[in-house]
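Structure file structure.pdb with PDB, C-alpha atoms:
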```
ATOM      1  CA  MET A   1     -21.445  46.977  18.155
ATOM      2  CA  SER A   2     -24.717  45.095  18.312
ATOM      3  CA  GLN A   3     -25.790  42.770  15.544
ATOM      4  CA  ARG A   4     -28.979  40.881  14.717
ATOM      5  CA  THR A   5     -30.143  38.743  11.828
ATOM      6  CA  ALA A   6     -33.678  38.761  10.490
ATOM      7  CA  VAL A   7     -35.559  36.894   7.798
ATOM      8  CA  VAL A   8     -37.564  39.176   5.520
ATOM      9  CA  ALA A   9     -41.212  38.177   5.813
ATOM     10  CA  SER A  10     -42.851  40.504   3.315
ATOM     11  CA  ARG A  11     -44.149  38.704   0.247
ATOM     12  CA  VAL A  12     -42.356  41.125  -2.074
ATOM     13  CA  GLY A  13     -39.184  41.377   0.003
ATOM     14  CA  LEU A  14     -37.835  44.809   0.875
ATOM     15  CA  HIS A  15     -39.533  46.532  -2.029
ATOM     16  CA  ALA A  16     -41.212  49.967  -1.972
ATOM     17  CA  ARG A  17     -43.871  49.703   0.766
ATOM     18  CA  PRO A  18     -41.995  47.411   3.182
ATOM     19  CA  ALA A  19     -38.743  49.330   2.604
ATOM     20  CA  SER A  20     -40.543  52.617   3.290
ATOM     21  CA  ILE A  21     -42.015  51.366   6.573
ATOM     22  CA  PHE A  22     -38.648  49.911   7.611
ATOM     23  CA  THR A  23     -36.565  52.994   6.761
ATOM     24  CA  GLN A  24     -39.022  55.292   8.531
ATOM     25  CA  ALA A  25     -38.679  53.168  11.671
ATOM     26  CA  VAL A  26     -34.892  53.331  11.416
ATOM     27  CA  ALA A  27     -34.923  57.117  10.973
ATOM     28  CA  ALA A  28     -37.360  57.574  13.877
ATOM     29  CA  SER A  29     -35.123  55.512  16.171
ATOM     30  CA  GLY A  30     -32.335  58.088  16.068
ATOM     31  CA  VAL A  31     -29.760  55.275  15.893
ATOM     32  CA  ASP A  32     -27.398  54.737  12.953
ATOM     33  CA  VAL A  33     -28.232  51.269  11.630
ATOM     34  CA  THR A  34     -26.725  49.360   8.731
ATOM     35  CA  ILE A  35     -28.332  46.526   6.794
ATOM     36  CA  ALA A  36     -26.615  43.927   4.608
ATOM     37  CA  LYS A  37     -26.959  40.484   3.170
ATOM     38  CA  PRO A  38     -24.720  38.063   5.103
ATOM     39  CA  GLY A  39     -21.081  38.487   4.094
ATOM     40  CA  GLU A  40     -21.681  41.785   2.319
ATOM     41  CA  GLU A  41     -20.842  45.333   3.381
ATOM     42  CA  GLY A  42     -23.558  47.131   5.331
ATOM     43  CA  MET A  43     -25.420  50.122   3.956
ATOM     44  CA  ASP A  44     -27.425  52.909   5.567
ATOM     45  CA  ALA A  45     -30.693  51.331   6.725
ATOM     46  CA  SER A  46     -32.453  54.712   6.866
ATOM     47  CA  SER A  47     -32.110  55.178   3.087
ATOM     48  CA  ILE A  48     -35.026  53.728   1.126
ATOM     49  CA  LEU A  49     -32.947  53.690  -2.057
ATOM     50  CA  MET A  50     -30.151  51.717  -0.394
ATOM     51  CA  VAL A  51     -32.560  49.296   1.258
ATOM     52  CA  MET A  52     -34.357  48.673  -2.046
ATOM     53  CA  ALA A  53     -31.001  48.313  -3.850
ATOM     54  CA  LEU A  54     -30.083  45.587  -1.352
ATOM     55  CA  GLY A  55     -32.505  43.370  -3.253
ATOM     56  CA  ALA A  56     -33.561  41.326  -0.233
ATOM     57  CA  GLY A  57     -36.375  39.046  -1.288
ATOM     58  CA  PRO A  58     -38.892  37.141   0.798
ATOM     59  CA  GLY A  59     -37.153  34.612   3.031
ATOM     60  CA  GLN A  60     -33.778  36.359   2.611
ATOM     61  CA  THR A  61     -31.670  36.728   5.746
ATOM     62  CA  VAL A  62     -30.320  40.207   6.422
ATOM     63  CA  VAL A  63     -27.851  41.442   9.023
ATOM     64  CA  LEU A  64     -28.532  44.590  11.043
ATOM     65  CA  GLU A  65     -25.801  46.398  12.968
ATOM     66  CA  ALA A  66     -25.828  49.442  15.226
ATOM     67  CA  ASP A  67     -23.681  51.010  17.895
ATOM     68  CA  GLY A  68     -24.654  52.965  20.984
ATOM     69  CA  PRO A  69     -26.657  52.679  24.188
ATOM     70  CA  GLU A  70     -30.043  52.152  22.466
ATOM     71  CA  SER A  71     -28.776  49.824  19.753
ATOM     72  CA  ASP A  72     -29.946  46.539  21.317
ATOM     73  CA  ARG A  73     -33.516  47.799  21.823
ATOM     74  CA  VAL A  74     -33.679  49.368  18.351
ATOM     75  CA  LEU A  75     -32.318  46.287  16.607
ATOM     76  CA  ASP A  76     -34.764  44.033  18.463
ATOM     77  CA  GLU A  77     -37.659  46.243  17.295
ATOM     78  CA  LEU A  78     -36.374  46.308  13.709
ATOM     79  CA  VAL A  79     -36.053  42.518  13.629
ATOM     80  CA  VAL A  80     -39.707  42.205  14.660
ATOM     81  CA  LEU A  81     -40.641  44.674  11.916
ATOM     82  CA  LEU A  82     -38.692  42.812   9.216
ATOM     83  CA  GLU A  83     -40.135  39.494  10.300
ATOM     84  CA  THR A  84     -43.670  40.861   9.847
ATOM     85  CA  ASP A  85     -45.462  40.836   6.495
ATOM     86  CA  LEU A  86     -45.378  44.599   5.930
ATOM     87  CA  ASP A  87     -47.434  44.248   2.746
ATOM     88  CA  ALA A  88     -50.416  43.341   4.908
ATOM     89  CA  GLN A  89     -50.270  46.607   6.892
TER      90      GLN A  89
END
```

Is it possible to give me this structure as structure tokens?
Amino acid sequence: MSQRTAVVASRVGLHARPASIFTQAVAASGVDVTIAKPGEEGMDASSILMVMALGAGPGQTVVLEADGPESDRVLDELVVLLETDLDAQ
């Protein structure tokens, strides 16, 4: 199992637009990814409702986990995405 941490850079946190961009990237990757606040149970990172329910605000650290041969590459790409201000795109 691969794991990465990321700091949410979007000014509104993982709210509608940033969560939509993030979950679309997860779904397009074809890898099952979970997202959680540190110390909490992971939830499906391809679900916009679950990602928004996470309530990750700007500057919040989140933990991404995935398993499989492409997981390291996918998680690295998702970290870059989360650490970008997605409101500006």

Expanded to explicit residues, what is the PyMOL selection byres ((chain A and resi 18) around 10) for this file, as a PDB file with C-alpha atoms, keeping the file's coordinate frame?
```
ATOM      1  CA  VAL A   8     -37.564  39.176   5.520  1.00  0.00           C
ATOM      2  CA  ALA A   9     -41.212  38.177   5.813  1.00  0.00           C
ATOM      3  CA  SER A  10     -42.851  40.504   3.315  1.00  0.00           C
ATOM      4  CA  ARG A  11     -44.149  38.704   0.247  1.00  0.00           C
ATOM      5  CA  VAL A  12     -42.356  41.125  -2.074  1.00  0.00           C
ATOM      6  CA  GLY A  13     -39.184  41.377   0.003  1.00  0.00           C
ATOM      7  CA  LEU A  14     -37.835  44.809   0.875  1.00  0.00           C
ATOM      8  CA  HIS A  15     -39.533  46.532  -2.029  1.00  0.00           C
ATOM      9  CA  ALA A  16     -41.212  49.967  -1.972  1.00  0.00           C
ATOM     10  CA  ARG A  17     -43.871  49.703   0.766  1.00  0.00           C
ATOM     11  CA  ALA A  19     -38.743  49.330   2.604  1.00  0.00           C
ATOM     12  CA  SER A  20     -40.543  52.617   3.290  1.00  0.00           C
ATOM     13  CA  ILE A  21     -42.015  51.366   6.573  1.00  0.00           C
ATOM     14  CA  PHE A  22     -38.648  49.911   7.611  1.00  0.00           C
ATOM     15  CA  THR A  23     -36.565  52.994   6.761  1.00  0.00           C
ATOM     16  CA  GLN A  24     -39.022  55.292   8.531  1.00  0.00           C
ATOM     17  CA  ILE A  48     -35.026  53.728   1.126  1.00  0.00           C
ATOM     18  CA  VAL A  51     -32.560  49.296   1.258  1.00  0.00           C
ATOM     19  CA  MET A  52     -34.357  48.673  -2.046  1.00  0.00           C
ATOM     20  CA  LEU A  81     -40.641  44.674  11.916  1.00  0.00           C
ATOM     21  CA  LEU A  82     -38.692  42.812   9.216  1.00  0.00           C
ATOM     22  CA  THR A  84     -43.670  40.861   9.847  1.00  0.00           C
ATOM     23  CA  ASP A  85     -45.462  40.836   6.495  1.00  0.00           C
ATOM     24  CA  LEU A  86     -45.378  44.599   5.930  1.00  0.00           C
ATOM     25  CA  ASP A  87     -47.434  44.248   2.746  1.00  0.00           C
ATOM     26  CA  ALA A  88     -50.416  43.341   4.908  1.00  0.00           C
ATOM     27  CA  GLN A  89     -50.270  46.607   6.892  1.00  0.00           C
TER      28      GLN A  89
END
```

Would you translate the PyMOL selection byres ((chain A and resi 36-42) around 9) into the concrete set of residues it matches in this file, as a list in words?
Thr5, Val33, Thr34, Ile35, Met43, Asp44, Ala45, Val51, Leu54, Gly55, Ala56, Gln60, Thr61, Val62, Val63, Leu64 and Glu65 of chain A

How many Å separate atom CA of A:Gln3 from atom CA of A:Gly57?
20.2 Å

With all atoms of stretch 50-57 of chain A from the file as input, state the centre and edge lengths in Å to one decimal of the axis-aligned box that has 6 Å extra on each side, as AutoDock Vina command-line options.
```
--center_x -33.2 --center_y 45.4 --center_z -1.3 --size_x 18.3 --size_y 24.7 --size_z 17.1
```

Near A:Asp72, counting only C-alpha atoms, which residues have an atom at most 9 Å away, once you skip same-chain residues fewer than 4 positions from it, shown as a PyMOL selection string?
chain A and resi 2-4+66-68+76-77

One decimal, Å: what's the distance from atom CA of A:Ala6 over to atom CA of A:Ala25, could you say?
15.3 Å

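Going from atom CA of A:Arg73 to atom CA of A:Gly59 covers 23.2 Å.
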